[in-house]
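File shown here: structure27.cif, holding mmCIF, C-alpha atoms and all ligand atoms.
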data_model
loop_
_atom_site.label_atom_id
_atom_site.label_comp_id
_atom_site.auth_asym_id
_atom_site.auth_seq_id
_atom_site.Cartn_x
_atom_site.Cartn_y
_atom_site.Cartn_z
CA MET P 4 104.02 24.85 -102.17
CA ILE P 5 100.56 25.73 -100.89
CA HIS P 6 99.52 29.37 -101.13
CA VAL P 7 96.30 30.81 -99.76
CA GLY P 8 94.33 33.89 -100.77
CA ILE P 9 91.40 35.80 -99.37
CA GLY P 10 88.59 37.61 -101.15
CA TYR P 11 85.66 39.79 -100.12
CA ASP P 12 82.93 41.47 -102.12
CA VAL P 13 79.65 43.26 -101.60
CA HIS P 14 76.99 44.57 -103.96
CA PRO P 15 73.85 46.58 -103.23
CA LEU P 16 70.43 44.98 -103.56
CA VAL P 17 68.13 46.98 -105.81
CA GLU P 18 64.84 46.50 -107.59
CA GLY P 19 64.86 45.72 -111.29
CA ARG P 20 68.00 43.57 -111.30
CA LYS P 21 68.44 39.80 -111.47
CA LEU P 22 69.87 38.13 -108.40
CA VAL P 23 72.80 35.97 -109.50
CA LEU P 24 74.95 34.19 -106.91
CA GLY P 25 77.41 31.46 -107.73
CA GLY P 26 76.10 31.61 -111.29
CA VAL P 27 72.58 30.70 -110.11
CA GLU P 28 69.73 33.05 -110.95
CA ILE P 29 67.59 33.14 -107.82
CA ALA P 30 63.98 34.33 -107.90
CA HIS P 31 63.76 37.35 -105.57
CA SER P 32 62.14 40.78 -105.43
CA LYS P 33 65.56 42.48 -105.75
CA GLY P 34 68.87 41.75 -107.41
CA LEU P 35 72.48 42.82 -107.00
CA ASP P 36 73.55 46.00 -108.75
CA GLY P 37 76.87 46.26 -110.53
CA HIS P 38 78.64 46.61 -113.85
CA SER P 39 78.77 42.85 -114.53
CA ASP P 40 76.11 40.41 -113.31
CA ALA P 41 77.23 41.54 -109.81
CA ASP P 42 77.72 37.97 -108.59
CA ALA P 43 79.39 38.84 -105.27
CA LEU P 44 80.17 35.19 -104.51
CA ALA P 45 81.98 34.66 -107.81
CA HIS P 46 83.85 37.95 -107.34
CA ALA P 47 85.05 37.07 -103.82
CA ILE P 48 86.28 33.69 -105.08
CA THR P 49 88.01 35.31 -108.06
CA ASP P 50 89.84 37.68 -105.71
CA ALA P 51 90.81 34.82 -103.37
CA ILE P 52 92.42 32.94 -106.26
CA LEU P 53 94.17 36.05 -107.58
CA GLY P 54 95.40 36.77 -104.05
CA ALA P 55 96.81 33.26 -103.67
CA ILE P 56 99.02 33.80 -106.72
CA GLY P 57 100.02 37.30 -105.63
CA GLU P 58 98.12 39.03 -108.42
CA VAL P 59 96.24 42.33 -108.47
CA ASP P 60 92.51 42.27 -107.70
CA ILE P 61 89.55 41.57 -109.97
CA GLY P 62 88.94 45.30 -110.52
CA HIS P 63 92.33 45.60 -112.21
CA PHE P 64 91.77 42.57 -114.43
CA PHE P 65 88.21 43.59 -115.31
CA PRO P 66 87.69 47.36 -114.81
CA ASN P 67 84.06 48.40 -114.30
CA THR P 68 84.71 51.19 -116.80
CA ASP P 69 85.27 48.64 -119.59
CA PRO P 70 82.11 48.10 -121.70
CA ARG P 71 83.28 44.51 -122.43
CA TRP P 72 82.31 43.51 -118.88
CA LYS P 73 78.94 45.28 -118.80
CA GLY P 74 76.42 42.61 -117.82
CA ALA P 75 79.15 39.98 -118.14
CA PRO P 76 78.55 36.59 -116.50
CA SER P 77 81.07 36.32 -113.69
CA LYS P 78 82.11 32.83 -114.77
CA VAL P 79 84.37 34.73 -117.20
CA PHE P 80 86.24 36.21 -114.21
CA LEU P 81 86.51 32.85 -112.46
CA ALA P 82 87.83 31.22 -115.62
CA GLU P 83 90.45 33.94 -116.03
CA ALA P 84 91.63 33.53 -112.42
CA ALA P 85 91.91 29.76 -112.99
CA ARG P 86 93.81 30.42 -116.22
CA GLN P 87 96.27 32.65 -114.35
CA VAL P 88 96.90 29.76 -111.94
CA SER P 89 97.51 27.37 -114.87
CA LEU P 90 99.87 29.85 -116.56
CA ARG P 91 102.06 29.61 -113.44
CA GLY P 92 102.05 25.81 -113.53
CA GLY P 93 99.83 25.70 -110.47
CA ARG P 94 96.50 24.15 -109.57
CA ILE P 95 93.64 25.18 -107.32
CA VAL P 96 93.47 22.80 -104.35
CA ASN P 97 90.17 24.00 -102.90
CA ILE P 98 87.93 26.99 -102.41
CA ASP P 99 85.78 27.88 -99.45
CA ALA P 100 83.29 30.72 -99.34
CA SER P 101 80.54 32.21 -97.20
CA LEU P 102 77.60 34.28 -98.35
CA MET P 103 76.05 36.80 -95.99
CA ALA P 104 72.45 37.50 -96.96
CA GLU P 105 69.36 38.18 -94.89
CA GLN P 106 67.05 37.17 -97.76
CA PRO P 107 66.43 35.11 -99.82
CA LYS P 108 67.21 31.67 -98.41
CA ILE P 109 70.47 30.52 -100.00
CA PHE P 110 70.65 26.89 -98.91
CA PRO P 111 68.34 25.46 -101.63
CA HIS P 112 70.74 26.82 -104.27
CA ILE P 113 74.07 25.77 -102.83
CA ALA P 114 74.45 22.51 -104.76
CA ALA P 115 73.85 24.33 -108.06
CA MET P 116 76.30 27.09 -107.04
CA LYS P 117 79.03 24.52 -106.32
CA GLN P 118 78.36 22.92 -109.69
CA ASN P 119 78.60 26.25 -111.56
CA LEU P 120 81.65 27.47 -109.68
CA GLY P 121 83.45 24.16 -110.16
CA ALA P 122 82.64 24.19 -113.88
CA ALA P 123 83.95 27.75 -114.30
CA LEU P 124 87.15 26.91 -112.41
CA GLY P 125 87.73 23.44 -113.87
CA LEU P 126 87.51 22.12 -110.32
CA ASP P 127 85.58 19.21 -108.80
CA PRO P 128 82.52 20.75 -107.10
CA LYS P 129 83.44 18.72 -104.00
CA LYS P 130 86.43 21.05 -103.66
CA VAL P 131 84.21 24.14 -103.63
CA GLY P 132 82.73 25.01 -100.24
CA VAL P 133 79.78 27.40 -100.16
CA LYS P 134 78.01 28.26 -96.92
CA ALA P 135 75.49 30.94 -96.11
CA THR P 136 74.51 32.91 -93.07
CA THR P 137 72.19 35.77 -92.29
CA ASN P 138 73.54 38.84 -90.53
CA GLU P 139 71.03 38.44 -87.69
CA ARG P 140 69.21 41.53 -89.05
CA LEU P 141 72.21 43.74 -88.19
CA GLY P 142 73.67 46.45 -90.42
CA PHE P 143 73.26 46.91 -94.16
CA ILE P 144 73.07 43.17 -94.78
CA GLY P 145 70.46 42.78 -92.06
CA ARG P 146 68.40 45.61 -93.60
CA GLU P 147 68.58 43.75 -96.96
CA GLU P 148 70.43 46.65 -98.59
CA GLY P 149 73.17 44.39 -99.89
CA ILE P 150 74.71 40.93 -99.96
CA ALA P 151 78.34 40.18 -99.11
CA ALA P 152 80.61 37.24 -99.75
CA MET P 153 83.99 36.15 -98.47
CA ALA P 154 86.22 33.42 -99.80
CA VAL P 155 89.53 31.70 -99.36
CA ALA P 156 91.44 29.81 -102.02
CA SER P 157 94.24 27.30 -101.65
CA VAL P 158 96.55 27.05 -104.66
CA ASP P 159 99.48 24.68 -105.17
CA LEU P 160 102.26 26.51 -107.01
CA PRO P 161 105.68 25.25 -108.11
CA GLU P 162 108.47 26.70 -105.95
MG MG N 201 82.02 42.71 -107.26
#

Using structure tokens, write down the structure that the file contains.
Ligand code: MG
Amino acid sequence: MIHVGIGYDVHPLVEGRKLVLGGVEIAHSKGLDGHSDADALAHAITDAILGAIGEVDIGHFFPNTDPRWKGAPSKVFLAEAARQVSLRGGRIVNIDASLMAEQPKIFPHIAAMKQNLGAALGLDPKKVGVKATTNERLGFIGREEGIAAMAVASVDLPE
């Protein structure tokens, strides 16, 4: 039986932080702030997978008050979501995600993001969709104050 889940995440862009999206470190004047590596794309995908299996969100699995996750690479969260699917005898069918960022240009990094996300999830990168859009200079994304990501996951679970 096919289940779907949705995920959304946003992190503020600040100076003095690395910009990591989809596990790719992107050269930029600012990076995303957060307890972990603040990879909003990986977090949205993690939540989509957890949602598809009816689980609680990423913040419950990995509280930002827990020093274990300080600076943690978000592939750890993706791997745990994939493990939760396996524990239920299920498999991830596909993922699709969109990044909303005014700057920097995301497209040159998309192939590497798919590769990293697929590796963390144990999923063929062809089954990981990653697209990017600007916010047409509108709102906090348009002012380059933050980057947002949304994702859906399709998971095949035994009945
Ligand atoms: Mg997050």

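Those protein and nucleic acid residues that have any atom within 8 Å of ligand MG 201 (chain N) are, using all atoms listed in the file, Asp12, Val13, His14, Gly37, Ser39, Ala41, Asp42, Ala43, His46 and Ala47 of chain P.
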
* Asked: Hey, can you pull every residue with an atom no more than 9 Å from (66.2, 37.2, -103.1), using all atoms listed in the file, and send it as an MDAnalysis selection string?
  -> chainID P and resid 16 22 29:34 104:109

* **Residues near region 111-124 of chain P, cut-off 7 Å, only C-alpha atoms, skip fewer than 2 positions along chain, as JSON, numbers by chain** => {"P": [25, 26, 27, 78, 81, 82, 85, 109, 126, 127, 128, 131, 133]}

With C-alpha atoms retained, write the just-selected residues as a CSV table (one decimal), in the coordinates of the input.
chain,number,residue,atom,x,y,z
P,25,GLY,CA,77.4,31.5,-107.7
P,26,GLY,CA,76.1,31.6,-111.3
P,27,VAL,CA,72.6,30.7,-110.1
P,78,LYS,CA,82.1,32.8,-114.8
P,81,LEU,CA,86.5,32.8,-112.5
P,82,ALA,CA,87.8,31.2,-115.6
P,85,ALA,CA,91.9,29.8,-113.0
P,109,ILE,CA,70.5,30.5,-100.0
P,126,LEU,CA,87.5,22.1,-110.3
P,127,ASP,CA,85.6,19.2,-108.8
P,128,PRO,CA,82.5,20.8,-107.1
P,131,VAL,CA,84.2,24.1,-103.6
P,133,VAL,CA,79.8,27.4,-100.2

* Nearest to Asp159 (chain P): which of P:Ile144, P:Leu102, P:Ala55, P:Leu44 is it, counting all atoms listed in the file? ->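 Nearest candidate to Asp159 (chain P) out of P:Ile144, P:Leu102, P:Ala55, P:Leu44: P:Ala55.
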
* **Atomic distance CA of Ala152 (chain P) - CA of Ala51 (chain P), expressed in Å with one decimal** =>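 It comes out at 11.1 Å.
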
* **Nearest to Pro161 (chain P) by atom-to-atom distance, counting all atoms listed in the file, from P:Ile5, P:Gly54, P:Ile48, P:Gly74** => P:Ile5

* Find, counting all atoms listed in the file, the residue in P:Gly132, P:Gly142, P:Gly10, P:Gly125 that gets nearest to Glu83 (chain P). =>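 Comparing P:Gly132, P:Gly142, P:Gly10, P:Gly125 against Glu83 (chain P), the winner is P:Gly125.
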
* Considering only C-alpha atoms, return as a list of chain:residue names whatever protein or nucleic-acid residues lie within 12 Å of His63 (chain P), sequence-local ones (same chain, fewer than 4 positions apart) excluded. => P:Thr49, P:Asp50, P:Leu53, P:Glu58, P:Val59, P:Asn67, P:Thr68, P:Asp69, P:Phe80

* **Point-to-point distance from CA of Trp72 (chain P) to CA of Val7 (chain P), Å rounded to tenths** =>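 Taking CA of Trp72 (chain P) as the start and CA of Val7 (chain P) as the end point, the length is 26.9 Å.
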
* To do: Report the distance between CA of Ile56 (chain P) and CA of Ile98 (chain P) in Å, rounded to one decimal place.
  => 13.7 Å

* Asked: With all atoms listed in the file as the basis for distance, which of P:Ala45, P:Ala135, P:Gly57, P:Pro70 is at the shortest distance from Met103 (chain P)?
  -> P:Ala135

* To do: Return the single residue from P:Gly8, P:Pro76, P:Thr136, P:Asp60 that is closest to Lys21 (chain P), with distances computed using only C-alpha atoms.
  =>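 Using only C-alpha atoms, the shortest distance to Lys21 (chain P) belongs to P:Pro76.
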
* Asked: Quick one: of P:Phe110, P:Met4, P:Pro15, P:Ile52, who's nearest to Arg146 (chain P), counting all atoms listed in the file?
  -> P:Pro15

* **Ala75 (chain P) environment, 8 Å, only C-alpha atoms, sequence neighbours closer than 2 positions dropped, as a PyMOL selection string** => chain P and resi 38-40+71-73+77+79

* **Ref. answer, residues at most 10 Å from (99.6, 23.3, -109.7) with all atoms listed in the file, as a ChimeraX atom specification** => /P:4-5,88-96,158-161

Could I see region 125-137 of chain P restored to N, CA, C and O atoms, set down as an mmCIF file, in the frame of the given file?
data_model
loop_
_atom_site.group_PDB
_atom_site.id
_atom_site.type_symbol
_atom_site.label_atom_id
_atom_site.label_comp_id
_atom_site.auth_asym_id
_atom_site.auth_seq_id
_atom_site.Cartn_x
_atom_site.Cartn_y
_atom_site.Cartn_z
ATOM 1 N N GLY P 125 87.139 24.718 -113.511
ATOM 2 C CA GLY P 125 87.730 23.440 -113.870
ATOM 3 C C GLY P 125 88.101 22.650 -112.629
ATOM 4 O O GLY P 125 89.149 21.991 -112.564
ATOM 5 N N LEU P 126 87.234 22.726 -111.622
ATOM 6 C CA LEU P 126 87.510 22.120 -110.320
ATOM 7 C C LEU P 126 86.326 21.242 -109.919
ATOM 8 O O LEU P 126 85.175 21.605 -110.149
ATOM 9 N N ASP P 127 86.633 20.089 -109.319
ATOM 10 C CA ASP P 127 85.580 19.210 -108.800
ATOM 11 C C ASP P 127 84.711 19.999 -107.815
ATOM 12 O O ASP P 127 85.245 20.603 -106.878
ATOM 13 N N PRO P 128 83.393 20.000 -108.021
ATOM 14 C CA PRO P 128 82.520 20.750 -107.100
ATOM 15 C C PRO P 128 82.692 20.356 -105.636
ATOM 16 O O PRO P 128 82.401 21.150 -104.743
ATOM 17 N N LYS P 129 83.183 19.135 -105.392
ATOM 18 C CA LYS P 129 83.440 18.720 -104.000
ATOM 19 C C LYS P 129 84.536 19.559 -103.359
ATOM 20 O O LYS P 129 84.676 19.582 -102.137
ATOM 21 N N LYS P 130 85.333 20.219 -104.185
ATOM 22 C CA LYS P 130 86.430 21.050 -103.660
ATOM 23 C C LYS P 130 86.019 22.512 -103.540
ATOM 24 O O LYS P 130 86.854 23.380 -103.319
ATOM 25 N N VAL P 131 84.743 22.778 -103.757
ATOM 26 C CA VAL P 131 84.210 24.140 -103.630
ATOM 27 C C VAL P 131 83.241 24.161 -102.448
ATOM 28 O O VAL P 131 82.181 23.526 -102.493
ATOM 29 N N GLY P 132 83.617 24.856 -101.402
ATOM 30 C CA GLY P 132 82.730 25.010 -100.240
ATOM 31 C C GLY P 132 81.934 26.299 -100.380
ATOM 32 O O GLY P 132 82.494 27.348 -100.696
ATOM 33 N N VAL P 133 80.635 26.194 -100.189
ATOM 34 C CA VAL P 133 79.780 27.400 -100.160
ATOM 35 C C VAL P 133 78.849 27.266 -98.968
ATOM 36 O O VAL P 133 78.110 26.288 -98.860
ATOM 37 N N LYS P 134 78.935 28.222 -98.069
ATOM 38 C CA LYS P 134 78.010 28.260 -96.920
ATOM 39 C C LYS P 134 77.292 29.601 -96.949
ATOM 40 O O LYS P 134 77.708 30.526 -97.650
ATOM 41 N N ALA P 135 76.231 29.683 -96.174
ATOM 42 C CA ALA P 135 75.490 30.940 -96.110
ATOM 43 C C ALA P 135 75.054 31.209 -94.694
ATOM 44 O O ALA P 135 74.806 30.283 -93.922
ATOM 45 N N THR P 136 75.005 32.489 -94.375
ATOM 46 C CA THR P 136 74.510 32.910 -93.070
ATOM 47 C C THR P 136 73.718 34.203 -93.234
ATOM 48 O O THR P 136 73.947 34.951 -94.189
ATOM 49 N N THR P 137 72.798 34.441 -92.340
ATOM 50 C CA THR P 137 72.190 35.770 -92.290
ATOM 51 C C THR P 137 73.108 36.672 -91.481
ATOM 52 O O THR P 137 74.125 36.228 -90.954
#
